[in-house]
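Shown next: run-v4.pdb, given as PDB, C-alpha atoms.
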ATOM      1  CA  MET A 935     120.390 107.999  85.995  1.00  0.00           C
ATOM      2  CA  GLY A 936     116.689 107.345  86.156  1.00  0.00           C
ATOM      3  CA  LYS A 937     114.610 104.438  84.998  1.00  0.00           C
ATOM      4  CA  SER A 938     111.943 104.655  82.295  1.00  0.00           C
ATOM      5  CA  ILE A 939     108.971 102.760  81.006  1.00  0.00           C
ATOM      6  CA  VAL A 940     106.829 103.277  77.920  1.00  0.00           C
ATOM      7  CA  ILE A 941     103.191 102.229  77.864  1.00  0.00           C
ATOM      8  CA  VAL A 942     100.516 102.410  75.182  1.00  0.00           C
ATOM      9  CA  CYS A 943      97.306 104.336  75.867  1.00  0.00           C
ATOM     10  CA  ALA A 944      95.115 101.460  77.063  1.00  0.00           C
ATOM     11  CA  LYS A 945      93.609 101.110  80.544  1.00  0.00           C
ATOM     12  CA  ASP A 946      95.005  97.611  81.029  1.00  0.00           C
ATOM     13  CA  GLU A 947      98.512  99.104  80.957  1.00  0.00           C
ATOM     14  CA  LEU A 948      97.845 100.692  84.364  1.00  0.00           C
ATOM     15  CA  THR A 949      98.688  97.446  86.175  1.00  0.00           C
ATOM     16  CA  ARG A 950     102.096  97.349  84.465  1.00  0.00           C
ATOM     17  CA  ILE A 951     102.942 100.942  85.262  1.00  0.00           C
ATOM     18  CA  ARG A 952     101.926 100.499  88.930  1.00  0.00           C
ATOM     19  CA  GLN A 953     104.128  97.420  89.189  1.00  0.00           C
ATOM     20  CA  PHE A 954     107.066  99.263  87.625  1.00  0.00           C
ATOM     21  CA  VAL A 955     106.777 102.196  90.043  1.00  0.00           C
ATOM     22  CA  ALA A 956     106.196  99.919  93.063  1.00  0.00           C
ATOM     23  CA  ASP A 957     109.331  97.886  92.214  1.00  0.00           C
ATOM     24  CA  GLU A 958     111.464 101.011  91.838  1.00  0.00           C
ATOM     25  CA  LEU A 959     110.214 102.522  95.098  1.00  0.00           C
ATOM     26  CA  ASP A 960     110.838  99.224  96.847  1.00  0.00           C
ATOM     27  CA  GLN A 961     114.413  99.116  95.535  1.00  0.00           C
ATOM     28  CA  HIS A 962     114.958 102.598  96.923  1.00  0.00           C
ATOM     29  CA  LYS A 963     113.537 101.495 100.264  1.00  0.00           C
ATOM     30  CA  ILE A 964     110.585 103.873 100.275  1.00  0.00           C
ATOM     31  CA  PRO A 965     108.266 102.770 103.129  1.00  0.00           C
ATOM     32  CA  ASP A 966     105.092 100.893 102.102  1.00  0.00           C
ATOM     33  CA  LEU A 967     102.548 103.547 103.086  1.00  0.00           C
ATOM     34  CA  GLN A 968     104.427 106.294 101.273  1.00  0.00           C
ATOM     35  CA  ALA A 969     105.043 104.052  98.242  1.00  0.00           C
ATOM     36  CA  HIS A 970     101.331 103.182  98.004  1.00  0.00           C
ATOM     37  CA  LYS A 971     100.443 106.875  97.754  1.00  0.00           C
ATOM     38  CA  LEU A 972     103.076 107.586  95.113  1.00  0.00           C
ATOM     39  CA  VAL A 973     101.973 104.606  93.024  1.00  0.00           C
ATOM     40  CA  LEU A 974      98.409 105.921  93.295  1.00  0.00           C
ATOM     41  CA  ALA A 975      99.384 109.419  92.123  1.00  0.00           C
ATOM     42  CA  VAL A 976     101.231 107.989  89.112  1.00  0.00           C
ATOM     43  CA  ASP A 977      98.256 105.737  88.314  1.00  0.00           C
ATOM     44  CA  GLU A 978      95.886 108.720  88.474  1.00  0.00           C
ATOM     45  CA  VAL A 979      97.988 110.836  86.109  1.00  0.00           C
ATOM     46  CA  CYS A 980      98.400 107.918  83.689  1.00  0.00           C
ATOM     47  CA  ALA A 981      94.670 107.096  83.740  1.00  0.00           C
ATOM     48  CA  ASN A 982      93.974 110.734  83.000  1.00  0.00           C
ATOM     49  CA  LEU A 983      96.462 110.835  80.121  1.00  0.00           C
ATOM     50  CA  ILE A 984      95.183 107.549  78.688  1.00  0.00           C
ATOM     51  CA  ILE A 985      91.477 108.373  78.889  1.00  0.00           C
ATOM     52  CA  HIS A 986      91.258 112.152  78.444  1.00  0.00           C
ATOM     53  CA  ALA A 987      94.414 113.244  76.646  1.00  0.00           C
ATOM     54  CA  ASN A 988      94.713 110.239  74.330  1.00  0.00           C
ATOM     55  CA  ASN A 989      91.161 108.898  74.127  1.00  0.00           C
ATOM     56  CA  CYS A 990      92.335 105.315  74.925  1.00  0.00           C
ATOM     57  CA  ASP A 991      94.073 105.094  71.550  1.00  0.00           C
ATOM     58  CA  PRO A 992      96.697 102.316  71.824  1.00  0.00           C
ATOM     59  CA  VAL A 993      98.665 103.822  68.946  1.00  0.00           C
ATOM     60  CA  ASN A 994      99.618 106.646  71.325  1.00  0.00           C
ATOM     61  CA  LYS A 995     102.292 106.193  73.951  1.00  0.00           C
ATOM     62  CA  ILE A 996     103.208 107.586  77.352  1.00  0.00           C
ATOM     63  CA  GLU A 997     106.740 107.599  78.666  1.00  0.00           C
ATOM     64  CA  LEU A 998     107.434 107.779  82.382  1.00  0.00           C
ATOM     65  CA  ASP A 999     110.873 108.557  83.829  1.00  0.00           C
ATOM     66  CA  LEU A1000     111.718 108.125  87.492  1.00  0.00           C
ATOM     67  CA  GLU A1001     114.553 110.037  89.058  1.00  0.00           C
ATOM     68  CA  PHE A1002     115.701 109.526  92.623  1.00  0.00           C
ATOM     69  CA  ASN A1003     117.640 112.321  94.297  1.00  0.00           C
ATOM     70  CA  PRO A1004     118.710 112.298  97.952  1.00  0.00           C
ATOM     71  CA  LYS A1005     115.797 114.567  98.839  1.00  0.00           C
ATOM     72  CA  GLN A1006     113.345 114.141  95.992  1.00  0.00           C
ATOM     73  CA  ILE A1007     111.680 111.664  93.714  1.00  0.00           C
ATOM     74  CA  ILE A1008     110.744 113.101  90.328  1.00  0.00           C
ATOM     75  CA  PHE A1009     108.207 111.456  88.027  1.00  0.00           C
ATOM     76  CA  THR A1010     108.197 112.806  84.460  1.00  0.00           C
ATOM     77  CA  PHE A1011     105.450 111.909  81.976  1.00  0.00           C
ATOM     78  CA  ARG A1012     105.742 112.599  78.248  1.00  0.00           C
ATOM     79  CA  ASP A1013     102.948 112.165  75.739  1.00  0.00           C
ATOM     80  CA  LYS A1014     101.649 113.716  72.535  1.00  0.00           C
ATOM     81  CA  GLY A1015      97.955 113.852  73.411  1.00  0.00           C
ATOM     82  CA  VAL A1016      95.802 116.859  74.211  1.00  0.00           C
ATOM     83  CA  GLY A1017      97.808 118.967  76.658  1.00  0.00           C
ATOM     84  CA  PHE A1018      96.325 119.502  80.088  1.00  0.00           C
ATOM     85  CA  ASP A1019      97.866 121.390  82.997  1.00  0.00           C
ATOM     86  CA  ILE A1020      96.688 119.880  86.283  1.00  0.00           C
ATOM     87  CA  ASN A1021      97.535 123.155  88.044  1.00  0.00           C
ATOM     88  CA  GLN A1022      94.870 124.923  85.985  1.00  0.00           C
ATOM     89  CA  TYR A1023      92.234 122.404  87.045  1.00  0.00           C
ATOM     90  CA  ASP A1024      89.944 123.485  89.843  1.00  0.00           C
ATOM     91  CA  SER A1025      89.058 120.334  91.750  1.00  0.00           C
ATOM     92  CA  PRO A1026      85.381 120.133  92.696  1.00  0.00           C
ATOM     93  CA  SER A1027      84.561 119.934  96.407  1.00  0.00           C
ATOM     94  CA  MET A1028      83.429 116.608  97.893  1.00  0.00           C
ATOM     95  CA  ASP A1029      79.931 118.059  98.367  1.00  0.00           C
ATOM     96  CA  GLU A1030      79.756 118.953  94.674  1.00  0.00           C
ATOM     97  CA  LEU A1031      80.904 115.470  93.709  1.00  0.00           C
ATOM     98  CA  VAL A1032      78.338 113.777  95.939  1.00  0.00           C
ATOM     99  CA  SER A1033      75.406 115.843  94.717  1.00  0.00           C
ATOM    100  CA  SER A1034      76.411 115.541  91.050  1.00  0.00           C
ATOM    101  CA  ARG A1035      76.532 111.699  91.417  1.00  0.00           C
ATOM    102  CA  ARG A1036      79.439 111.542  89.021  1.00  0.00           C
ATOM    103  CA  GLN A1037      82.375 109.202  89.412  1.00  0.00           C
ATOM    104  CA  GLY A1038      85.209 111.395  88.129  1.00  0.00           C
ATOM    105  CA  GLY A1039      86.943 114.299  89.798  1.00  0.00           C
ATOM    106  CA  LEU A1040      88.724 112.648  92.701  1.00  0.00           C
ATOM    107  CA  GLY A1041      91.869 111.605  90.818  1.00  0.00           C
ATOM    108  CA  LEU A1042      93.531 114.954  90.306  1.00  0.00           C
ATOM    109  CA  LEU A1043      92.551 116.005  93.818  1.00  0.00           C
ATOM    110  CA  LEU A1044      94.531 113.011  95.089  1.00  0.00           C
ATOM    111  CA  VAL A1045      97.532 113.873  92.904  1.00  0.00           C
ATOM    112  CA  LYS A1046      97.552 117.443  94.229  1.00  0.00           C
ATOM    113  CA  ARG A1047      97.334 116.284  97.831  1.00  0.00           C
ATOM    114  CA  ILE A1048      99.995 113.574  97.494  1.00  0.00           C
ATOM    115  CA  MET A1049     102.647 115.420  95.493  1.00  0.00           C
ATOM    116  CA  ASP A1050     104.637 118.473  96.621  1.00  0.00           C
ATOM    117  CA  LYS A1051     105.024 120.046  93.213  1.00  0.00           C
ATOM    118  CA  ILE A1052     103.339 119.599  89.821  1.00  0.00           C
ATOM    119  CA  GLU A1053     104.806 121.196  86.693  1.00  0.00           C
ATOM    120  CA  PHE A1054     103.418 121.183  83.190  1.00  0.00           C
ATOM    121  CA  SER A1055     105.175 122.282  80.015  1.00  0.00           C
ATOM    122  CA  THR A1056     105.250 121.580  76.304  1.00  0.00           C
ATOM    123  CA  GLU A1057     108.384 120.899  74.327  1.00  0.00           C
ATOM    124  CA  LYS A1058     108.332 120.329  70.570  1.00  0.00           C
ATOM    125  CA  ASN A1059     105.262 118.092  70.164  1.00  0.00           C
ATOM    126  CA  TYR A1060     105.393 116.690  73.669  1.00  0.00           C
ATOM    127  CA  ASN A1061     103.440 117.502  76.809  1.00  0.00           C
ATOM    128  CA  ILE A1062     105.612 117.126  79.851  1.00  0.00           C
ATOM    129  CA  CYS A1063     104.168 116.682  83.316  1.00  0.00           C
ATOM    130  CA  ARG A1064     106.555 116.511  86.277  1.00  0.00           C
ATOM    131  CA  LEU A1065     105.493 115.393  89.726  1.00  0.00           C
ATOM    132  CA  VAL A1066     107.921 116.069  92.549  1.00  0.00           C
ATOM    133  CA  LYS A1067     107.814 114.411  95.962  1.00  0.00           C
ATOM    134  CA  THR A1068     110.145 115.542  98.718  1.00  0.00           C
ATOM    135  CA  ILE A1069     111.416 112.708 100.867  1.00  0.00           C
ATOM    136  CA  ALA A1070     112.839 112.929 104.367  1.00  0.00           C
TER
ATOM    137  CA  MET B1473      92.444  92.384  88.384  1.00  0.00           C
ATOM    138  CA  VAL B1474      89.444  92.594  90.620  1.00  0.00           C
ATOM    139  CA  ASN B1475      87.159  89.868  91.864  1.00  0.00           C
ATOM    140  CA  ILE B1476      83.715  90.634  93.249  1.00  0.00           C
ATOM    141  CA  GLU B1477      81.456  88.246  95.143  1.00  0.00           C
ATOM    142  CA  LYS B1478      77.964  88.940  96.362  1.00  0.00           C
ATOM    143  CA  GLU B1479      76.187  87.364  99.302  1.00  0.00           C
ATOM    144  CA  LYS B1480      72.938  87.914 101.217  1.00  0.00           C
ATOM    145  CA  LYS B1481      73.254  87.403 104.946  1.00  0.00           C
ATOM    146  CA  GLU B1482      71.407  88.816 107.989  1.00  0.00           C
ATOM    147  CA  ASN B1483      69.201  90.778 105.567  1.00  0.00           C
ATOM    148  CA  ILE B1484      72.330  92.570 104.320  1.00  0.00           C
ATOM    149  CA  HIS B1485      73.640  92.652 100.753  1.00  0.00           C
ATOM    150  CA  PHE B1486      77.393  91.934 100.976  1.00  0.00           C
ATOM    151  CA  ILE B1487      79.730  92.955  98.175  1.00  0.00           C
ATOM    152  CA  ARG B1488      83.156  91.379  98.706  1.00  0.00           C
ATOM    153  CA  VAL B1489      85.905  93.005  96.694  1.00  0.00           C
ATOM    154  CA  SER B1490      89.382  91.545  96.242  1.00  0.00           C
ATOM    155  CA  GLY B1491      92.398  92.591  94.181  1.00  0.00           C
ATOM    156  CA  ASP B1492      92.915  95.959  92.512  1.00  0.00           C
ATOM    157  CA  VAL B1493      90.217  98.444  91.520  1.00  0.00           C
ATOM    158  CA  ASP B1494      91.515 100.954  88.967  1.00  0.00           C
ATOM    159  CA  ALA B1495      90.242 102.922  85.963  1.00  0.00           C
ATOM    160  CA  GLY B1496      90.087  99.679  83.974  1.00  0.00           C
ATOM    161  CA  SER B1497      88.305  97.505  86.522  1.00  0.00           C
ATOM    162  CA  SER B1498      86.054  99.937  88.433  1.00  0.00           C
ATOM    163  CA  ILE B1499      83.215  99.096  86.047  1.00  0.00           C
ATOM    164  CA  HIS B1500      82.845  95.722  87.815  1.00  0.00           C
ATOM    165  CA  LEU B1501      82.422  97.441  91.187  1.00  0.00           C
ATOM    166  CA  ASP B1502      79.938  99.848  89.632  1.00  0.00           C
ATOM    167  CA  ASN B1503      77.941  96.962  88.144  1.00  0.00           C
ATOM    168  CA  ALA B1504      77.777  95.202  91.522  1.00  0.00           C
ATOM    169  CA  PHE B1505      76.523  98.407  93.146  1.00  0.00           C
ATOM    170  CA  LYS B1506      74.003  99.078  90.386  1.00  0.00           C
ATOM    171  CA  GLU B1507      72.648  95.531  90.589  1.00  0.00           C
ATOM    172  CA  GLY B1508      72.082  95.734  94.337  1.00  0.00           C
ATOM    173  CA  PHE B1509      70.635  99.217  94.122  1.00  0.00           C
ATOM    174  CA  GLU B1510      68.188  98.308  91.374  1.00  0.00           C
ATOM    175  CA  ALA B1511      67.144  95.195  93.301  1.00  0.00           C
ATOM    176  CA  GLY B1512      66.208  97.515  96.179  1.00  0.00           C
ATOM    177  CA  GLU B1513      68.858  96.229  98.582  1.00  0.00           C
ATOM    178  CA  SER B1514      68.553  98.789 101.361  1.00  0.00           C
ATOM    179  CA  LYS B1515      71.461  97.574 103.504  1.00  0.00           C
ATOM    180  CA  VAL B1516      74.777  97.208 101.751  1.00  0.00           C
ATOM    181  CA  ALA B1517      78.060  96.113 103.336  1.00  0.00           C
ATOM    182  CA  VAL B1518      81.210  96.281 101.237  1.00  0.00           C
ATOM    183  CA  ASP B1519      83.950  93.916 102.398  1.00  0.00           C
ATOM    184  CA  LEU B1520      87.353  95.417 101.528  1.00  0.00           C
ATOM    185  CA  THR B1521      89.452  92.978 103.576  1.00  0.00           C
ATOM    186  CA  LYS B1522      91.105  91.620 100.431  1.00  0.00           C
ATOM    187  CA  LEU B1523      91.254  94.892  98.529  1.00  0.00           C
ATOM    188  CA  ALA B1524      94.924  95.618  97.816  1.00  0.00           C
ATOM    189  CA  TYR B1525      94.488  98.806  95.831  1.00  0.00           C
ATOM    190  CA  ILE B1526      91.821 101.299  94.845  1.00  0.00           C
ATOM    191  CA  SER B1527      92.201 104.394  92.690  1.00  0.00           C
ATOM    192  CA  SER B1528      89.862 107.360  92.315  1.00  0.00           C
ATOM    193  CA  ALA B1529      87.819 105.443  89.744  1.00  0.00           C
ATOM    194  CA  GLY B1530      86.794 102.931  92.421  1.00  0.00           C
ATOM    195  CA  LEU B1531      86.349 105.524  95.168  1.00  0.00           C
ATOM    196  CA  GLY B1532      84.203 107.469  92.724  1.00  0.00           C
ATOM    197  CA  VAL B1533      81.793 104.525  92.558  1.00  0.00           C
ATOM    198  CA  PHE B1534      81.108 104.812  96.313  1.00  0.00           C
ATOM    199  CA  VAL B1535      80.806 108.601  96.144  1.00  0.00           C
ATOM    200  CA  SER B1536      78.470 108.520  93.139  1.00  0.00           C
ATOM    201  CA  TYR B1537      75.903 106.419  95.050  1.00  0.00           C
ATOM    202  CA  LEU B1538      75.902 108.400  98.310  1.00  0.00           C
ATOM    203  CA  ASP B1539      73.259 110.866  97.209  1.00  0.00           C
ATOM    204  CA  GLU B1540      70.841 108.188  95.976  1.00  0.00           C
ATOM    205  CA  PHE B1541      71.376 106.081  99.109  1.00  0.00           C
ATOM    206  CA  GLU B1542      70.616 109.108 101.269  1.00  0.00           C
ATOM    207  CA  LEU B1543      67.506 109.911  99.241  1.00  0.00           C
ATOM    208  CA  LYS B1544      66.139 106.365  99.541  1.00  0.00           C
ATOM    209  CA  LYS B1545      67.275 105.985 103.169  1.00  0.00           C
ATOM    210  CA  PHE B1546      69.465 103.059 102.133  1.00  0.00           C
ATOM    211  CA  LYS B1547      72.430 102.261 104.369  1.00  0.00           C
ATOM    212  CA  LEU B1548      76.013 101.683 103.234  1.00  0.00           C
ATOM    213  CA  VAL B1549      78.929 100.475 105.342  1.00  0.00           C
ATOM    214  CA  LEU B1550      82.478  99.669 104.216  1.00  0.00           C
ATOM    215  CA  PHE B1551      84.620  97.406 106.379  1.00  0.00           C
ATOM    216  CA  GLY B1552      88.000  95.681 106.630  1.00  0.00           C
ATOM    217  CA  ILE B1553      90.001  98.450 104.959  1.00  0.00           C
ATOM    218  CA  GLN B1554      93.762  97.831 104.983  1.00  0.00           C
ATOM    219  CA  GLU B1555      96.077 100.546 106.266  1.00  0.00           C
ATOM    220  CA  THR B1556      97.549 101.378 102.838  1.00  0.00           C
ATOM    221  CA  VAL B1557      94.069 101.868 101.377  1.00  0.00           C
ATOM    222  CA  ARG B1558      92.759 103.581 104.507  1.00  0.00           C
ATOM    223  CA  GLN B1559      95.249 106.438 104.140  1.00  0.00           C
ATOM    224  CA  VAL B1560      93.729 107.194 100.706  1.00  0.00           C
ATOM    225  CA  PHE B1561      90.291 107.518 102.337  1.00  0.00           C
ATOM    226  CA  ASP B1562      91.917 109.868 104.856  1.00  0.00           C
ATOM    227  CA  ILE B1563      93.527 112.041 102.159  1.00  0.00           C
ATOM    228  CA  LEU B1564      90.063 112.687 100.696  1.00  0.00           C
ATOM    229  CA  GLY B1565      88.212 112.833 104.018  1.00  0.00           C
ATOM    230  CA  LEU B1566      85.879 110.034 102.890  1.00  0.00           C
ATOM    231  CA  GLU B1567      85.353 108.784 106.443  1.00  0.00           C
ATOM    232  CA  LYS B1568      83.240 111.897 106.999  1.00  0.00           C
ATOM    233  CA  LEU B1569      80.889 110.890 104.180  1.00  0.00           C
ATOM    234  CA  ILE B1570      80.851 107.097 104.327  1.00  0.00           C
ATOM    235  CA  THR B1571      80.275 104.876 107.358  1.00  0.00           C
ATOM    236  CA  ILE B1572      83.341 102.734 107.949  1.00  0.00           C
ATOM    237  CA  ALA B1573      83.396  99.702 110.233  1.00  0.00           C
ATOM    238  CA  GLU B1574      86.406  97.818 111.545  1.00  0.00           C
ATOM    239  CA  ASN B1575      85.186  94.334 110.637  1.00  0.00           C
ATOM    240  CA  GLU B1576      82.181  92.336 109.468  1.00  0.00           C
ATOM    241  CA  GLU B1577      80.657  92.012 112.943  1.00  0.00           C
ATOM    242  CA  ASP B1578      80.878  95.755 113.479  1.00  0.00           C
ATOM    243  CA  ALA B1579      79.385  96.361 110.010  1.00  0.00           C
ATOM    244  CA  ILE B1580      76.395  94.111 110.776  1.00  0.00           C
ATOM    245  CA  LYS B1581      75.855  95.975 114.053  1.00  0.00           C
ATOM    246  CA  LYS B1582      75.951  99.324 112.276  1.00  0.00           C
ATOM    247  CA  LEU B1583      73.417  98.143 109.664  1.00  0.00           C
ATOM    248  CA  ASN B1584      71.064  96.090 111.822  1.00  0.00           C
ATOM    249  CA  GLY B1585      71.593  97.615 115.249  1.00  0.00           C
TER
END
Translate this file's structure into structure tokens.
Amino acid sequence: MGKSIVIVCAKDELTRIRQFVADELDQHKIPDLQAHKLVLAVDEVCANLIIHANNCDPVNKIELDLEFNPKQIIFTFRDKGVGFDINQYDSPSMDELVSSRRQGGLGLLLVKRIMDKIEFSTEKNYNICRLVKTIA
Amino acid sequence: MVNIEKEKKENIHFIRVSGDVDAGSSIHLDNAFKEGFEAGESKVAVDLTKLAYISSAGLGVFVSYLDEFELKKFKLVLFGIQETVRQVFDILGLEKLITIAENEEDAIKKLNG
């Protein structure tokens, strides 16, 4: 059985979701450095869903489920915003980001580098994004 | 929550950041950078000793100023980065783009030396 949390699509909910994930990882004795990265990846996906998929509309909600297996941690996000498959997103290079002087673009790059598998699907009216991290 | 303090010392503009910088709070870091940049501060040291967390929104602030700093020959040094935050810099290879110092003394040396 996993644990879940539901947040509304507002940026100030990010603190709450980070705390929830950090507490769960701590309970499952995930080392600090590893936990910090996983919390970051979850934060990045949530920020993306809040800002881009749901336009910061607090009427909309995001549900996050955490599932701990002996060899994997699975993070599943569900929302009804504009669907976006991270796998289809071509991250810009650092050089491109520097010369364009824009602040976005690093978040999904981090998610891709931190997680081992990213899956995107739609089911009924929901977008489902699953992040999988293999643990030793 | 993020807290940002500014200080001028040794002809260097210090920006001291504490707490968490995320998509909601990165605007405060951006404002501090913008203020210093517009005031023509050519040596900027960012103290991250008390920074517990930074997401891409905050890292993006540093990256977005690199080009303008380079163009104006302004200098930027970050120092005091905790291990948990440091690994995020490593994941992105930011240490190749941004000068990073161990501590304040080292940062002053890199800017004034």
Can you give me, as an mmCIF file with C-alpha atoms, in the frame of the given file, the residues this file yields under the PyMOL selection byres ((chain A) within 7 of (chain B))?
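Final output, saved to result00.cif:
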data_model
loop_
_atom_site.group_PDB
_atom_site.id
_atom_site.type_symbol
_atom_site.label_atom_id
_atom_site.label_comp_id
_atom_site.auth_asym_id
_atom_site.auth_seq_id
_atom_site.Cartn_x
_atom_site.Cartn_y
_atom_site.Cartn_z
ATOM 1 C CA LYS A 945 93.609 101.110 80.544
ATOM 2 C CA ASP A 946 95.005 97.611 81.029
ATOM 3 C CA LEU A 967 102.548 103.547 103.086
ATOM 4 C CA HIS A 970 101.331 103.182 98.004
ATOM 5 C CA LEU A 974 98.409 105.921 93.295
ATOM 6 C CA ALA A 981 94.670 107.096 83.740
ATOM 7 C CA VAL A 1032 78.338 113.777 95.939
ATOM 8 C CA SER A 1033 75.406 115.843 94.717
ATOM 9 C CA ARG A 1035 76.532 111.699 91.417
ATOM 10 C CA ARG A 1036 79.439 111.542 89.021
ATOM 11 C CA GLN A 1037 82.375 109.202 89.412
ATOM 12 C CA GLY A 1038 85.209 111.395 88.129
ATOM 13 C CA LEU A 1040 88.724 112.648 92.701
ATOM 14 C CA GLY A 1041 91.869 111.605 90.818
#
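Here CA of Glu1542 in chain B and CA of Gly1039 in chain A stand 20.6 Å from one another.
Across the model, the gap from CA of Thr1521 in chain B to CA of Lys1046 in chain A is 27.4 Å.
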If the PyMOL selection byres ((chain A and resi 952) around 8) is run on the structure shown, which residues does it catch, given as a PDB file with C-alpha atoms, keeping the file's coordinate frame?
ATOM      1  CA  LEU A 948      97.845 100.692  84.364  1.00  0.00           C
ATOM      2  CA  THR A 949      98.688  97.446  86.175  1.00  0.00           C
ATOM      3  CA  ARG A 950     102.096  97.349  84.465  1.00  0.00           C
ATOM      4  CA  ILE A 951     102.942 100.942  85.262  1.00  0.00           C
ATOM      5  CA  GLN A 953     104.128  97.420  89.189  1.00  0.00           C
ATOM      6  CA  PHE A 954     107.066  99.263  87.625  1.00  0.00           C
ATOM      7  CA  VAL A 955     106.777 102.196  90.043  1.00  0.00           C
ATOM      8  CA  ALA A 956     106.196  99.919  93.063  1.00  0.00           C
ATOM      9  CA  VAL A 973     101.973 104.606  93.024  1.00  0.00           C
ATOM     10  CA  LEU A 974      98.409 105.921  93.295  1.00  0.00           C
ATOM     11  CA  VAL A 976     101.231 107.989  89.112  1.00  0.00           C
ATOM     12  CA  ASP A 977      98.256 105.737  88.314  1.00  0.00           C
TER      13      ASP A 977
END
Selection under test: the PyMOL selection byres ((chain A and resi 1015) around 9); residues as number ranges by chain: A: 983-984, 986-989, 994-995, 1013-1014, 1016-1018, 1060-1061
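When only C-alpha atoms are used to compute distances to Leu972 in chain A, the closest of the residues A:Ile1048, A:Ile941, A:Glu1053, A:Ala1070 turns out to be A:Ile1048.
Computed from the coordinates, the CA of Ile939 in chain A to CA of Ile1069 in chain A distance equals 22.3 Å.
Distances to Glu1576 in chain B were evaluated for B:Asp1562, B:Phe1486, B:Phe1546, B:Ser1514 using all atoms listed in the file, and the minimum falls at B:Phe1486.
Comparing B:Ser1498, B:Thr1571, B:Asn1475, B:Asn1503 by their smallest distance to Lys1547 in chain B, the closest is B:Thr1571 (using all atoms listed in the file).
Using only C-alpha atoms, the protein and nucleic acid residues lying no more than 8 Å from Ile1020 in chain A, apart from those fewer than 6 places from it along its own chain, are Leu1042, Ile1052 and Phe1054 of chain A.
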For a cut-off of 6 Å around (84.3, 93.8, 96.2), file coordinates, pick out all residues using all atoms listed in the file and list them as a PDB file with C-alpha atoms, keeping the file's coordinate frame.
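Saved result, part_15.pdb, follows:
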ATOM      1  CA  ILE B1476      83.715  90.634  93.249  1.00  0.00           C
ATOM      2  CA  ILE B1487      79.730  92.955  98.175  1.00  0.00           C
ATOM      3  CA  ARG B1488      83.156  91.379  98.706  1.00  0.00           C
ATOM      4  CA  VAL B1489      85.905  93.005  96.694  1.00  0.00           C
ATOM      5  CA  SER B1490      89.382  91.545  96.242  1.00  0.00           C
TER       6      SER B1490
END
Quick one: range 1514-1527 of chain B with N, CA and C atoms, as a CSV table (one decimal), in the first residue's frame?
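selection.csv was written with the following content:
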chain,number,residue,atom,x,y,z
B,1514,SER,N,29.7,45.1,-10.0
B,1514,SER,CA,30.5,44.3,-11.0
B,1514,SER,C,31.1,43.1,-10.3
B,1515,LYS,N,31.0,43.0,-9.0
B,1515,LYS,CA,31.5,41.8,-8.3
B,1515,LYS,C,30.4,41.3,-7.3
B,1516,VAL,N,29.9,40.1,-7.6
B,1516,VAL,CA,28.8,39.6,-6.8
B,1516,VAL,C,29.2,38.3,-6.2
B,1517,ALA,N,29.0,38.2,-4.9
B,1517,ALA,CA,29.2,36.9,-4.2
B,1517,ALA,C,27.9,36.4,-3.6
B,1518,VAL,N,27.5,35.2,-3.9
B,1518,VAL,CA,26.3,34.7,-3.4
B,1518,VAL,C,26.6,33.7,-2.3
B,1519,ASP,N,26.2,34.0,-1.1
B,1519,ASP,CA,26.4,33.1,0.1
B,1519,ASP,C,25.3,32.1,0.2
B,1520,LEU,N,25.6,30.8,0.0
B,1520,LEU,CA,24.6,29.8,0.0
B,1520,LEU,C,24.7,28.9,1.2
B,1521,THR,N,25.5,29.4,2.2
B,1521,THR,CA,25.7,28.6,3.4
B,1521,THR,C,24.5,28.1,4.1
B,1522,LYS,N,23.4,29.0,4.1
B,1522,LYS,CA,22.2,28.6,4.8
B,1522,LYS,C,21.1,28.2,3.8
B,1523,LEU,N,21.5,27.9,2.6
B,1523,LEU,CA,20.5,27.5,1.6
B,1523,LEU,C,20.2,26.0,1.8
B,1524,ALA,N,19.0,25.6,2.1
B,1524,ALA,CA,18.7,24.2,2.4
B,1524,ALA,C,18.2,23.5,1.1
B,1525,TYR,N,17.7,24.3,0.2
B,1525,TYR,CA,17.1,23.7,-1.0
B,1525,TYR,C,17.0,24.7,-2.1
B,1526,ILE,N,17.3,24.2,-3.3
B,1526,ILE,CA,17.1,25.0,-4.5
B,1526,ILE,C,16.6,24.2,-5.7
B,1527,SER,N,15.5,24.6,-6.3
B,1527,SER,CA,15.0,23.9,-7.5
B,1527,SER,C,15.5,24.6,-8.8
